[in-house]
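Enquirer: First the structure, which I've put down as structure tokens, then a few questions once you've had a look.
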Amino acid sequence: MLANHSQQDIPRLKVILIFKKEYPMPLTLPRTASSLIALGLGLALALPAAARDEAAITQTDDIRILDILTVIGTAGGKQNVGGSIDFLDSEDLDKQGHSDILRILRVVPGVNIQEEEGYGLRPNIGLRGSGSDRNSRIVILEDGIPIAPAVYAAPSAYYFPASVRINAVEVTKGPSVIQYGPRTTGGAIHLFSTPIPTETRGKAEILWGDFGRQRLHANFGTRQALTGNVDLGLLIETVQDEADGFLERDSTGPDTGFDLSDYVVKAGLYGDDAALPWSLELKYQTKSEVSNQTYLGLIDEDFNANAFRLYDAARNDQMVNDNELLQLTGQIDLNSNTAVTIVAYSNEVARNWYKLQGVNALGGGASGDVGLSSILENPLIFAAELDLLRGISSLNGSLVLRANNRKYYSRGLSGTLDTELTLAGLTHNFNLGLRYHEDEEDRFQHEDAFRLQGGVLQLTTAGGAGSQTNRVTEAEALSFFVLDRIELTQRLQITGGLRFEDFEITRFDFSTSDPTRSTGSTRERSEDDQIILPSLSAVYRLTDSVDLFGGVHRGVSPVGPTDTDAKSEGAWQYEFGTRYTEGDLALEGVAFFNDFSNLLGECTNSSGGDCEPGDAFNGDAVEVYGLELTARWDAAETLNLSGLSVPLSLAYSYTDTEFKTSFDSNFFGNVTAGDELIYVPKHQVTLAAGLVGNKWDVYALLNYVGKARTEPGQGPIPAGQDIDRRTIVDISASYEIADGIRLKAKAENLFDETYIASRRPSGLRPGKPREILFGVEVTF
């Protein structure tokens with residue numbers, strides 16, 4: 001296996017434009033092509049040969065054949081789920097019209113987000129205080145498969161799907177999360193791409209806006225009879241999105257925006273009229289991104305003077321990110337109560353983030369440089385380094401830039417069985433899943449030293465390929481889950497669940513003076529574990545309108561090989577809630593309590609901290625508890641507004657966190673028992689309102705986020721350690737000027753609120769200022 005670990009064909013980062021100029025990390029598919037072809041042939045031969053009856057399992061228009069891969073689909077509806085679950089369908093997403101997943105998720109309670117560059121390119125999402133850095137404490141899936149580049153070997157996700165093409169979103173917290181994995185201490189966010197339509201139709205939306213924003217989203221799909229009882233379906237889709245960015249460099253230079261291209265092609269065969277209805281779909285997706293983004297923020301004084309200033313030291317910072325995904329999904333209904341789904345997948349990601357890493361006031365390059373977070377947190381102590389960042393002084397070898405050059409692959413095969421049986425006079429709804437998965441992260445990084453002169457970075461010392469980091473981490477995992485929903489009475493259902501994870505993660509370190517890796521690894525470390533995770537939940541129908549539900553489950557976040565003695569994170573999690581539904585009114589309240597042991601923190605460039613990226617640390621015992629409220633109501637009838645719709649909604653979260661012990665950590669910092677977790681605001685509120693006519697609509701969304709800490713603590717938050725409260729309003733409107741032609745306009749951050757998005761990892765960074773977009777949508 002080590003023979004595949006050479007990166008000799010990957011030169012150092014140069015000027016990069018994906019598919020236009022030299023790309024330092026070419027994507028290739030030979031590793032997985034043969035296995036996928038074999039799986040595809042097997043499925044293609046097996047599924048059409050089977051046959052089904054007219055009573056098939058219902059598949060919604062939003063997710064089609066992936067229905068039984070969702071929690072709601074498995075349970076037969078939200079009313080049967082004994083835990084917290086939120087589902088945003090295509091209509092919900094179209095109302096918002098967002099291309100940023102962080103804005104999309106504001107309508108879901110219990111979601112903790114940390115903004116970064118303002119466009120949602122690399123989101124940080126947590127659930128119920130799980131930790132949000134690079135989504136590493138939750139599971140992100142697209143169409144039933146884990147979408148993190150290496151969910152076991154390197155869970156921090158620097159890749160995320162283009163959110164504007166997502167057709168539906170399911171957010172799972174509570175016992176039902178054991179249907180997914182491997183990281184089940186927070187929850188799961190399941191994204192669903194545009195399905196192949198059942199008839200010929202298409203869409204094209206183009207928007208223009210502030211800061212050079214241009215966004216195109218277009219798709220076309222059809223389904224036609226291929227033979228007497230087999231249909232052929234096709235879908236092509238693209239997202240083209242670009243912006244010049246809103247940060248203002250000290251000197252003239254490249255813009256601070258991004259350029260993104262995303263393509264999806266799907267082809268499907270459908271035997272709906274067969275004795276055993278079946279389907280087979282192939283999905284190919286590729287995305288390329290070039291963004292002039294940086295971690296470099298500002299000191300408080302400079303932020304207060306101009307929050308959107310960008311020091312010239314970040315002039316060359318640029319992320320190049322590329323992926324290719326293949327997925328084959330087959331489904332067959334064996335009878336009216338039994339469906340089987342098989343998914344084979346391969347996702348390859350290559351990215352290189354060339355960015356400022358440190359400053360050396362003595363001109364020694366990477367030897368003895370000071371980290372950016374230390375400089376910006378202590379500008380008086382590191383005044384000489386700050387002058388070099390600002391370009392006030394200039395010195396050879398003073399600015400260190402690192403090529404964070406990494407390649408990933410993720411591939412696997414999963415199968416799911418959904419069936420209903422009667423045992424001992426009771427109805428049992430079984431959902432079983434089995435998945436084999438393997439993934440890998442390949443780090444091949446180097447550092448260069450520069451001088452900043454007249455706003456331009458001049459290379460003074462070039463680092464050798466792989467001379468900073470040269471290592472490979474690979475993982476192999478087998479997981480299994482079973483859920484049994486038992487209908488004890490017409491009003492009472494209980495669901496017992498079990499998840500089993502068996503994984504091995506191995507890290508190979510190579511000499512930084514051996515770029516070809518010809519001498520083999522210098523050190524090998526391995527971490528393996530077998531974990532059993534139980535869950536139990538119940539739903540009681542108190543009346544035709546009121547449901548009570550509650551449950552408990554055990555969650556885990558596995559740890560890989562590390563130089564520390566960190567252990568996998570575990571948590572017992574409890575929740576109790578009620579749902580009320582009557583006509584157009586829906587209410588829900590959920591109280592939760594999460595009891596963490598060995599809280600896990602993994603050092604990344606994005607998290608900050610005095611630690612080596614890749615190392616893991618435990619934060620001992622932590623308790624998180626809170627309350628989540630949601631409400632939806634269409635007020636049109638009450639207001640006697642004939643011919644109109646007035647959708648109103650509320651999402652409120654209260655979250656309290658507490659470390660139970662005192663300790664000192666290179667990652668968590670100096671912690672005293674009773675301290676609160678960072679980046680978890682106590683209060684969050686989202687209010688949404690709309691007014692919808694026959695040919696027009698207007699929607700407004702208000703999002704309030706309370707104060708949050710950037711360092712563990714308790715009581716009043718000290719100056720310099722807070723993310724201040726903020727209230728952001730977004731508004732959108734559309735008008736149909738002709739059949740299938742609709743004018744659109746929207747404003748994000750309508751009142752142009754200037755606010756701190758983050759302090760970690762390297763100084764203060766602002767949220768996106770007001771952005772106004774307008775355009776047209778054509779559907780046919």
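Identifiers in the structure tokens: chain A, B, ... in order shown; residue index from 1 per chain; ligand index from 1 in order shown.
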Give me every strand (DSSP E) residue in stretch 405-570 of chain A, going by DSSP on the backbone, as a PyMOL selection string.

Expert: chain A and resi 405-423+426-453+456-461+469-487+492-509+523-541+546-557+569-570

Enquirer: Which neighbours of stretch 114-124 of chain A fall inside 7 Å, counting only C-alpha atoms, when residues of the same chain fewer than 2 positions from it are skipped, and could you give them as a tab-separated table (two decimals) with all heavy atoms, in the first residue's frame?

Expert:
```
chain	number	residue	atom	x	y	z
A	100	ASP	N	-25.23	29.79	0.94
A	100	ASP	CA	-24.37	29.60	2.10
A	100	ASP	C	-25.08	28.67	3.08
A	100	ASP	O	-26.15	29.00	3.60
A	100	ASP	CB	-24.09	30.96	2.74
A	100	ASP	CG	-23.21	30.89	3.97
A	100	ASP	OD1	-22.97	29.78	4.48
A	100	ASP	OD2	-22.77	31.96	4.45
A	101	ILE	N	-24.51	27.49	3.34
A	101	ILE	CA	-25.15	26.51	4.21
A	101	ILE	C	-25.35	27.07	5.61
A	101	ILE	O	-26.31	26.70	6.31
A	101	ILE	CB	-24.32	25.19	4.27
A	101	ILE	CG1	-25.07	24.10	5.03
A	101	ILE	CG2	-22.96	25.45	4.87
A	101	ILE	CD1	-26.35	23.64	4.39
A	102	LEU	N	-24.49	28.00	6.06
A	102	LEU	CA	-24.64	28.56	7.39
A	102	LEU	C	-25.91	29.40	7.49
A	102	LEU	O	-26.57	29.42	8.53
A	102	LEU	CB	-23.41	29.39	7.76
A	102	LEU	CG	-22.08	28.65	7.76
A	102	LEU	CD1	-20.94	29.57	8.20
A	102	LEU	CD2	-22.14	27.42	8.68
A	112	ASN	N	-24.93	25.24	16.00
A	112	ASN	CA	-23.90	26.21	16.34
A	112	ASN	C	-22.99	26.41	15.13
A	112	ASN	O	-22.47	25.43	14.58
A	112	ASN	CB	-23.07	25.73	17.53
A	112	ASN	CG	-23.92	25.28	18.70
A	112	ASN	OD1	-23.84	24.15	19.14
A	112	ASN	ND2	-24.76	26.18	19.20
A	126	GLY	N	-21.59	22.90	14.27
A	126	GLY	CA	-21.74	21.98	15.38
A	126	GLY	C	-23.21	21.86	15.73
A	126	GLY	O	-24.05	22.66	15.30
A	132	SER	N	-17.62	23.07	16.62
A	132	SER	CA	-17.99	23.37	15.23
A	132	SER	C	-16.82	23.38	14.26
A	132	SER	O	-17.05	23.47	13.06
A	132	SER	CB	-18.68	24.75	15.18
A	132	SER	OG	-17.84	25.76	15.70
A	133	ASP	N	-15.59	23.28	14.74
A	133	ASP	CA	-14.44	23.45	13.87
A	133	ASP	C	-14.46	22.44	12.72
A	133	ASP	O	-14.36	21.23	12.93
A	133	ASP	CB	-13.14	23.30	14.67
A	133	ASP	CG	-11.91	23.51	13.82
A	133	ASP	OD1	-11.83	24.56	13.15
A	133	ASP	OD2	-11.03	22.62	13.81
A	134	ARG	N	-14.61	22.96	11.51
A	134	ARG	CA	-14.58	22.15	10.29
A	134	ARG	C	-15.53	20.95	10.34
A	134	ARG	O	-15.25	19.90	9.76
A	134	ARG	CB	-13.16	21.67	10.01
A	134	ARG	CG	-12.22	22.80	9.59
A	134	ARG	CD	-12.54	23.27	8.20
A	134	ARG	NE	-11.68	24.38	7.78
A	134	ARG	CZ	-12.03	25.65	7.78
A	134	ARG	NH1	-13.25	26.00	8.16
A	134	ARG	NH2	-11.20	26.58	7.38
A	135	ASN	N	-16.67	21.10	11.05
A	135	ASN	CA	-17.71	20.06	11.09
A	135	ASN	C	-17.20	18.72	11.62
A	135	ASN	O	-17.80	17.67	11.34
A	135	ASN	CB	-18.30	19.83	9.69
A	135	ASN	CG	-18.51	21.10	8.92
A	135	ASN	OD1	-18.91	22.11	9.47
A	135	ASN	ND2	-18.23	21.07	7.62
A	158	TYR	N	-12.44	20.35	4.84
A	158	TYR	CA	-12.13	21.55	4.07
A	158	TYR	C	-12.84	21.54	2.72
A	158	TYR	O	-12.65	22.42	1.91
A	158	TYR	CB	-10.62	21.68	3.88
A	158	TYR	CG	-9.89	22.06	5.14
A	158	TYR	CD1	-9.60	21.11	6.11
A	158	TYR	CD2	-9.52	23.37	5.37
A	158	TYR	CE1	-8.94	21.46	7.27
A	158	TYR	CE2	-8.85	23.73	6.53
A	158	TYR	CZ	-8.56	22.76	7.49
A	158	TYR	OH	-7.92	23.11	8.64
A	159	TYR	N	-13.66	20.51	2.50
A	159	TYR	CA	-14.50	20.44	1.31
A	159	TYR	C	-15.95	20.45	1.75
A	159	TYR	O	-16.33	19.79	2.73
A	159	TYR	CB	-14.22	19.17	0.50
A	159	TYR	CG	-15.34	18.85	-0.48
A	159	TYR	CD1	-15.45	19.54	-1.68
A	159	TYR	CD2	-16.30	17.90	-0.16
A	159	TYR	CE1	-16.50	19.28	-2.56
A	159	TYR	CE2	-17.35	17.63	-1.04
A	159	TYR	CZ	-17.44	18.32	-2.23
A	159	TYR	OH	-18.48	18.07	-3.09
A	160	PHE	N	-16.80	21.19	1.01
A	160	PHE	CA	-18.24	21.16	1.27
A	160	PHE	C	-18.95	21.34	-0.06
A	160	PHE	O	-18.51	22.11	-0.91
A	160	PHE	CB	-18.63	22.28	2.24
A	160	PHE	CG	-19.93	22.02	2.95
A	160	PHE	CD1	-19.96	21.28	4.12
A	160	PHE	CD2	-21.13	22.49	2.44
A	160	PHE	CE1	-21.14	21.02	4.79
A	160	PHE	CE2	-22.33	22.23	3.08
A	160	PHE	CZ	-22.33	21.50	4.27
A	757	ALA	N	-17.04	37.98	13.18
A	757	ALA	CA	-17.41	36.60	12.86
A	757	ALA	C	-16.59	35.61	13.68
A	757	ALA	O	-17.09	34.58	14.13
A	757	ALA	CB	-17.22	36.34	11.37
A	758	SER	N	-15.30	35.92	13.89
A	758	SER	CA	-14.44	35.00	14.64
A	758	SER	C	-13.18	35.72	15.11
A	758	SER	O	-12.79	36.74	14.54
A	758	SER	CB	-14.05	33.79	13.78
A	758	SER	OG	-13.25	34.19	12.68
A	767	GLY	N	-17.90	39.54	9.61
A	767	GLY	CA	-18.93	38.88	8.83
A	767	GLY	C	-19.15	39.62	7.53
A	767	GLY	O	-18.68	40.75	7.33
A	768	LYS	N	-19.88	39.00	6.63
A	768	LYS	CA	-20.12	39.62	5.32
A	768	LYS	C	-21.01	40.86	5.47
A	768	LYS	O	-22.05	40.81	6.13
A	768	LYS	CB	-20.79	38.61	4.39
A	768	LYS	CG	-20.93	39.12	2.95
A	768	LYS	CD	-21.45	38.04	2.03
A	768	LYS	CE	-22.90	37.72	2.28
A	768	LYS	NZ	-23.45	36.79	1.26
```

Enquirer: Tell me, as a list in words, which residues lie within 6 Å of stretch 331-334 of chain A, counting only C-alpha atoms; anything in the same chain fewer than 3 positions away does not count.

Expert: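 Surrounding residues, per the criterion: Leu276, Pro277, Trp278, Ser279, Thr338, Ala339, Val340 and Thr341 of chain A.
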
Enquirer: Grab the atom CA of A:Cys611 to atom CA of A:Pro716 distance for me, in Å with one decimal place.

Expert: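 Answer for the atom CA of A:Cys611 to atom CA of A:Pro716 separation: 27.3 Å.
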
Enquirer: Stretch 400-411 of chain A: which residues within 6 Å, counting only C-alpha atoms, same-chain residues fewer than 2 positions away excluded, as a VMD selection string?

Expert: chain A and resid 149 to 150 345 to 359 365 to 366 437 to 449

Enquirer: Let me see the file: selected residues, C-alpha atoms, as a PDB file, in the first residue's frame.

Expert:
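Below you can see result_29.pdb, which holds the result:
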```pdb
ATOM      1  CA  PRO A 149     -12.892  13.983   2.400  1.00  0.00           C
ATOM      2  CA  ALA A 150     -11.720  11.413   4.990  1.00  0.00           C
ATOM      3  CA  TYR A 345     -19.197   5.523  -3.825  1.00  0.00           C
ATOM      4  CA  SER A 346     -15.833   7.125  -4.381  1.00  0.00           C
ATOM      5  CA  ASN A 347     -14.884  10.721  -3.604  1.00  0.00           C
ATOM      6  CA  GLU A 348     -11.441  12.188  -4.258  1.00  0.00           C
ATOM      7  CA  VAL A 349     -10.442  15.626  -3.015  1.00  0.00           C
ATOM      8  CA  ALA A 350      -7.237  17.520  -3.677  1.00  0.00           C
ATOM      9  CA  ARG A 351      -6.567  20.889  -2.145  1.00  0.00           C
ATOM     10  CA  ASN A 352      -3.686  23.244  -1.517  1.00  0.00           C
ATOM     11  CA  TRP A 353      -4.110  26.250   0.732  1.00  0.00           C
ATOM     12  CA  TYR A 354      -1.025  28.398   0.308  1.00  0.00           C
ATOM     13  CA  LYS A 355      -1.205  30.902   3.146  1.00  0.00           C
ATOM     14  CA  LEU A 356       0.666  32.899   5.712  1.00  0.00           C
ATOM     15  CA  GLN A 357       1.795  30.726   8.598  1.00  0.00           C
ATOM     16  CA  GLY A 358       4.081  32.815  10.806  1.00  0.00           C
ATOM     17  CA  VAL A 359       6.464  35.765  11.149  1.00  0.00           C
ATOM     18  CA  GLY A 365      12.221  31.945   7.926  1.00  0.00           C
ATOM     19  CA  ALA A 366      10.354  28.970   9.381  1.00  0.00           C
ATOM     20  CA  HIS A 437     -15.518   2.234   4.140  1.00  0.00           C
ATOM     21  CA  GLU A 438     -11.919   3.257   3.621  1.00  0.00           C
ATOM     22  CA  ASP A 439     -10.350   6.693   3.380  1.00  0.00           C
ATOM     23  CA  GLU A 440      -6.979   8.407   3.360  1.00  0.00           C
ATOM     24  CA  GLU A 441      -5.355  11.784   3.900  1.00  0.00           C
ATOM     25  CA  ASP A 442      -1.979  12.488   2.268  1.00  0.00           C
ATOM     26  CA  ARG A 443      -0.143  15.561   3.608  1.00  0.00           C
ATOM     27  CA  PHE A 444       2.797  16.778   1.555  1.00  0.00           C
ATOM     28  CA  GLN A 445       3.587  20.303   2.699  1.00  0.00           C
ATOM     29  CA  HIS A 446       6.430  22.789   2.480  1.00  0.00           C
ATOM     30  CA  GLU A 447       7.124  26.336   3.644  1.00  0.00           C
ATOM     31  CA  ASP A 448       8.628  29.320   1.807  1.00  0.00           C
ATOM     32  CA  ALA A 449      10.042  32.541   3.261  1.00  0.00           C
TER      33      ALA A 449
END
```

Enquirer: Please indicate the distance in Å from atom CA of A:Thr286 to atom CA of A:Ser261, rounded to one decimal place.

Expert: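 If I compute the distance from atom CA of A:Thr286 to atom CA of A:Ser261, I get 8.3 Å.
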
Enquirer: With only C-alpha atoms as the counted atoms, please give the residues lying no more than 9 Å from A:Tyr152, apart from itself and same-chain residues fewer than 6 positions off, as a ChimeraX atom specification.

Expert: /A:182-183,438-440,474-477,503-505,558-560

Enquirer: Store the residues picked out above in a file with N, CA, C and O atoms, as a PDB file, in the first residue's frame.

Expert:
```pdb
ATOM      1  N   PRO A 182     -19.420   7.965  11.357  1.00  0.00           N
ATOM      2  CA  PRO A 182     -19.082   7.428  12.670  1.00  0.00           C
ATOM      3  C   PRO A 182     -19.222   8.409  13.824  1.00  0.00           C
ATOM      4  O   PRO A 182     -19.138   7.996  14.985  1.00  0.00           O
ATOM      5  N   ARG A 183     -19.380   9.709  13.570  1.00  0.00           N
ATOM      6  CA  ARG A 183     -19.322  10.703  14.659  1.00  0.00           C
ATOM      7  C   ARG A 183     -20.749  11.049  15.091  1.00  0.00           C
ATOM      8  O   ARG A 183     -21.451  11.788  14.423  1.00  0.00           O
ATOM      9  N   GLU A 438     -13.339   2.969   3.434  1.00  0.00           N
ATOM     10  CA  GLU A 438     -11.919   3.257   3.621  1.00  0.00           C
ATOM     11  C   GLU A 438     -11.638   4.664   3.115  1.00  0.00           C
ATOM     12  O   GLU A 438     -12.261   5.132   2.162  1.00  0.00           O
ATOM     13  N   ASP A 439     -10.725   5.349   3.805  1.00  0.00           N
ATOM     14  CA  ASP A 439     -10.350   6.693   3.380  1.00  0.00           C
ATOM     15  C   ASP A 439      -8.897   6.965   3.727  1.00  0.00           C
ATOM     16  O   ASP A 439      -8.247   6.192   4.450  1.00  0.00           O
ATOM     17  N   GLU A 440      -8.394   8.089   3.185  1.00  0.00           N
ATOM     18  CA  GLU A 440      -6.979   8.407   3.360  1.00  0.00           C
ATOM     19  C   GLU A 440      -6.769   9.913   3.236  1.00  0.00           C
ATOM     20  O   GLU A 440      -7.424  10.587   2.434  1.00  0.00           O
ATOM     21  N   GLU A 474      -4.355   6.639   6.915  1.00  0.00           N
ATOM     22  CA  GLU A 474      -5.379   5.877   6.210  1.00  0.00           C
ATOM     23  C   GLU A 474      -6.259   5.142   7.212  1.00  0.00           C
ATOM     24  O   GLU A 474      -5.840   4.831   8.332  1.00  0.00           O
ATOM     25  N   ALA A 475      -7.494   4.885   6.806  1.00  0.00           N
ATOM     26  CA  ALA A 475      -8.453   4.256   7.701  1.00  0.00           C
ATOM     27  C   ALA A 475      -9.268   3.207   6.965  1.00  0.00           C
ATOM     28  O   ALA A 475      -9.523   3.317   5.758  1.00  0.00           O
ATOM     29  N   GLU A 476      -9.659   2.205   7.714  1.00  0.00           N
ATOM     30  CA  GLU A 476     -10.525   1.148   7.209  1.00  0.00           C
ATOM     31  C   GLU A 476     -11.584   0.883   8.278  1.00  0.00           C
ATOM     32  O   GLU A 476     -11.248   0.758   9.460  1.00  0.00           O
ATOM     33  N   ALA A 477     -12.844   0.816   7.870  1.00  0.00           N
ATOM     34  CA  ALA A 477     -13.907   0.693   8.864  1.00  0.00           C
ATOM     35  C   ALA A 477     -15.046  -0.166   8.348  1.00  0.00           C
ATOM     36  O   ALA A 477     -15.381  -0.147   7.157  1.00  0.00           O
ATOM     37  N   PHE A 503     -13.058  -0.052  13.469  1.00  0.00           N
ATOM     38  CA  PHE A 503     -12.202   0.739  12.587  1.00  0.00           C
ATOM     39  C   PHE A 503     -10.742   0.623  13.001  1.00  0.00           C
ATOM     40  O   PHE A 503     -10.406   0.336  14.151  1.00  0.00           O
ATOM     41  N   GLU A 504      -9.888   0.856  12.022  1.00  0.00           N
ATOM     42  CA  GLU A 504      -8.447   0.949  12.248  1.00  0.00           C
ATOM     43  C   GLU A 504      -7.914   2.139  11.463  1.00  0.00           C
ATOM     44  O   GLU A 504      -8.189   2.279  10.278  1.00  0.00           O
ATOM     45  N   ILE A 505      -7.185   3.013  12.165  1.00  0.00           N
ATOM     46  CA  ILE A 505      -6.603   4.200  11.552  1.00  0.00           C
ATOM     47  C   ILE A 505      -5.090   4.116  11.724  1.00  0.00           C
ATOM     48  O   ILE A 505      -4.598   3.940  12.847  1.00  0.00           O
ATOM     49  N   PRO A 558     -14.505   9.041  17.161  1.00  0.00           N
ATOM     50  CA  PRO A 558     -13.247   8.298  17.230  1.00  0.00           C
ATOM     51  C   PRO A 558     -12.032   9.214  17.124  1.00  0.00           C
ATOM     52  O   PRO A 558     -12.073  10.261  16.472  1.00  0.00           O
ATOM     53  N   VAL A 559     -10.945   8.812  17.756  1.00  0.00           N
ATOM     54  CA  VAL A 559      -9.675   9.519  17.654  1.00  0.00           C
ATOM     55  C   VAL A 559      -8.706   8.647  16.868  1.00  0.00           C
ATOM     56  O   VAL A 559      -8.724   7.420  16.976  1.00  0.00           O
ATOM     57  N   GLY A 560      -7.859   9.280  16.083  1.00  0.00           N
ATOM     58  CA  GLY A 560      -6.860   8.551  15.315  1.00  0.00           C
ATOM     59  C   GLY A 560      -5.507   8.565  15.997  1.00  0.00           C
ATOM     60  O   GLY A 560      -5.360   9.049  17.128  1.00  0.00           O
TER      61      GLY A 560
END
```

Enquirer: Measuring between only C-alpha atoms, which one of A:Val671, A:Val177, A:Val164, A:Leu417 shows the shortest distance to A:Ser535?

Expert: A:Val177

Enquirer: Have a look at atom CA of A:Ser518 and atom CA of A:Ala153 and let me know their distance in Å, one decimal.

Expert: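 These two atoms are separated by 23.1 Å.
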
Enquirer: Restricting the calculation to only C-alpha atoms, which member of A:Leu298, A:Ala636, A:Leu691, A:Val680 is positioned closest to A:Gly713?

Expert: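 Using only C-alpha atoms, A:Gly713 sits closest to A:Val680.
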
Enquirer: Hey, which of A:Thr516, A:Asn618, A:Asn337, A:Thr238 ends up closest to A:Asn219? Count only C-alpha atoms.

Expert: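 When distances to A:Asn219 are compared using only C-alpha atoms, the smallest one comes from A:Thr238.
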